[in-house]
Amino acid sequence: MWEVVAAARAQDIPLDGALLETNSKRTRPMGAYRPSTMIDFTEGRELELVPIWEEPMRRAKAAGVAIPALEKLLGNMKAQLTKRG
């Protein structure tokens with residue numbers, strides 16, 4: 001999540017790092033849940049890779065921000081899609 005904050009700040013988008021802790025505290029009581037991308041994948045639907053994952057990555061890179069966790073996550077999703085065929 002810190003990659004997101006760094007990328008936002010590099011693009012003059014004021015994103016407070018405290019937001020990460022706030023969101024973590026709000027989601028902990030939810031227990032285990034599946035993000036929408038995972039639901040789409042497991043149900044065989046097309047993933048919204050470009051608008052949700054690739055465009056933010058492109059913008060972060062254009063701003064000169066390293067985002068290795070996001071790159072790894074996107075790479076893993078694409079690899080799983082390739083395996084699925």
# chains A, B, ... in the order shown; residues from 1 in each chain; ligands from 1
call {"tool": "residues_around", "arguments": {"residues": "segment 20-26 of chain A", "least_positions_apart": "6", "cutoff": "9 Å", "atoms": "only C-alpha atoms", "output": "list in words"}}
result
Met1, Trp2 and Val5 of chain A
call {"tool": "write_last_selection", "arguments": {"atoms": "N, CA and C atoms", "output": "short mmCIF file (atom, residue, chain, number, x, y, z; two decimals), in the first residue's frame"}}
result
data_model
loop_
_atom_site.label_atom_id
_atom_site.label_comp_id
_atom_site.auth_asym_id
_atom_site.auth_seq_id
_atom_site.Cartn_x
_atom_site.Cartn_y
_atom_site.Cartn_z
N MET A 1 0.80 -1.20 0.00
CA MET A 1 0.00 0.00 0.00
C MET A 1 0.85 1.27 0.00
N TRP A 2 2.04 1.19 0.56
CA TRP A 2 2.88 2.39 0.56
C TRP A 2 3.27 2.77 -0.85
N VAL A 5 0.62 5.14 -2.06
CA VAL A 5 0.80 6.48 -1.48
C VAL A 5 1.93 7.21 -2.18
#
call {"tool": "residues_around", "arguments": {"residues": "segment 60-62 of chain A", "least_positions_apart": "4", "cutoff": "9 Å", "atoms": "only C-alpha atoms", "output": "number ranges by chain"}}
result
A: 3-4, 6-8, 10-11, 55-56, 66-67
call {"tool": "atom_distance", "arguments": {"atom1": "atom CA of Leu74 of chain A", "atom2": "atom CA of Trp53 of chain A"}}
result
6.9 Å
call {"tool": "residues_around", "arguments": {"residues": "segment 29-46 of chain A", "least_positions_apart": "6", "cutoff": "12 Å", "atoms": "only C-alpha atoms", "output": "ChimeraX atom specification"}}
result
/A:23,52-53,73-74,77-78,80-82,84-85
call {"tool": "write_last_selection", "arguments": {"atoms": "N, CA and C atoms", "output": "PDB file, in the first residue's frame"}}
result
ATOM      1  N   ASN A  23      -7.735   2.286   6.881  1.00  0.00           N
ATOM      2  CA  ASN A  23      -8.353   1.225   6.080  1.00  0.00           C
ATOM      3  C   ASN A  23      -8.080  -0.152   6.666  1.00  0.00           C
ATOM      4  N   ILE A  52      -7.743  -1.142 -13.639  1.00  0.00           N
ATOM      5  CA  ILE A  52      -7.504  -1.273 -12.203  1.00  0.00           C
ATOM      6  C   ILE A  52      -6.037  -1.463 -11.869  1.00  0.00           C
ATOM      7  N   TRP A  53      -5.292  -2.151 -12.721  1.00  0.00           N
ATOM      8  CA  TRP A  53      -3.916  -2.518 -12.393  1.00  0.00           C
ATOM      9  C   TRP A  53      -2.874  -1.872 -13.309  1.00  0.00           C
ATOM     10  N   LEU A  73       2.377  -8.579  -8.374  1.00  0.00           N
ATOM     11  CA  LEU A  73       0.977  -8.998  -8.321  1.00  0.00           C
ATOM     12  C   LEU A  73       0.372  -9.075  -9.715  1.00  0.00           C
ATOM     13  N   LEU A  74       0.600  -8.068 -10.533  1.00  0.00           N
ATOM     14  CA  LEU A  74       0.085  -8.078 -11.899  1.00  0.00           C
ATOM     15  C   LEU A  74       0.695  -9.223 -12.700  1.00  0.00           C
ATOM     16  N   MET A  77      -1.025 -12.413 -11.732  1.00  0.00           N
ATOM     17  CA  MET A  77      -2.373 -12.519 -12.317  1.00  0.00           C
ATOM     18  C   MET A  77      -2.291 -12.912 -13.785  1.00  0.00           C
ATOM     19  N   LYS A  78      -1.388 -12.285 -14.521  1.00  0.00           N
ATOM     20  CA  LYS A  78      -1.255 -12.604 -15.944  1.00  0.00           C
ATOM     21  C   LYS A  78      -0.789 -14.040 -16.140  1.00  0.00           C
ATOM     22  N   GLN A  80      -1.423 -16.577 -14.169  1.00  0.00           N
ATOM     23  CA  GLN A  80      -2.570 -17.442 -13.890  1.00  0.00           C
ATOM     24  C   GLN A  80      -3.559 -17.448 -15.052  1.00  0.00           C
ATOM     25  N   LEU A  81      -3.723 -16.291 -15.680  1.00  0.00           N
ATOM     26  CA  LEU A  81      -4.615 -16.222 -16.842  1.00  0.00           C
ATOM     27  C   LEU A  81      -4.069 -17.043 -17.994  1.00  0.00           C
ATOM     28  N   THR A  82      -2.736 -17.018 -18.170  1.00  0.00           N
ATOM     29  CA  THR A  82      -2.096 -17.792 -19.230  1.00  0.00           C
ATOM     30  C   THR A  82      -2.286 -19.290 -18.958  1.00  0.00           C
ATOM     31  N   ARG A  84      -4.669 -20.662 -17.312  1.00  0.00           N
ATOM     32  CA  ARG A  84      -6.090 -20.982 -17.475  1.00  0.00           C
ATOM     33  C   ARG A  84      -6.472 -21.098 -18.943  1.00  0.00           C
ATOM     34  N   GLY A  85      -5.743 -20.290 -19.765  1.00  0.00           N
ATOM     35  CA  GLY A  85      -5.975 -20.363 -21.201  1.00  0.00           C
ATOM     36  C   GLY A  85      -7.043 -19.502 -21.629  1.00  0.00           C
TER      37      GLY A  85
END
call {"tool": "closest_residue", "arguments": {"among": "A:Ala69, A:Arg28, A:Ala63, A:Met57", "to": "Asp12 of chain A", "atoms": "only C-alpha atoms"}}
result
A:Ala63
call {"tool": "select_by_dssp", "arguments": {"residues": "chain A", "states": "helix (DSSP H, G or I)", "output": "ChimeraX atom specification"}}
result
/A:2-10,18-30,36-42,49-62,68-84
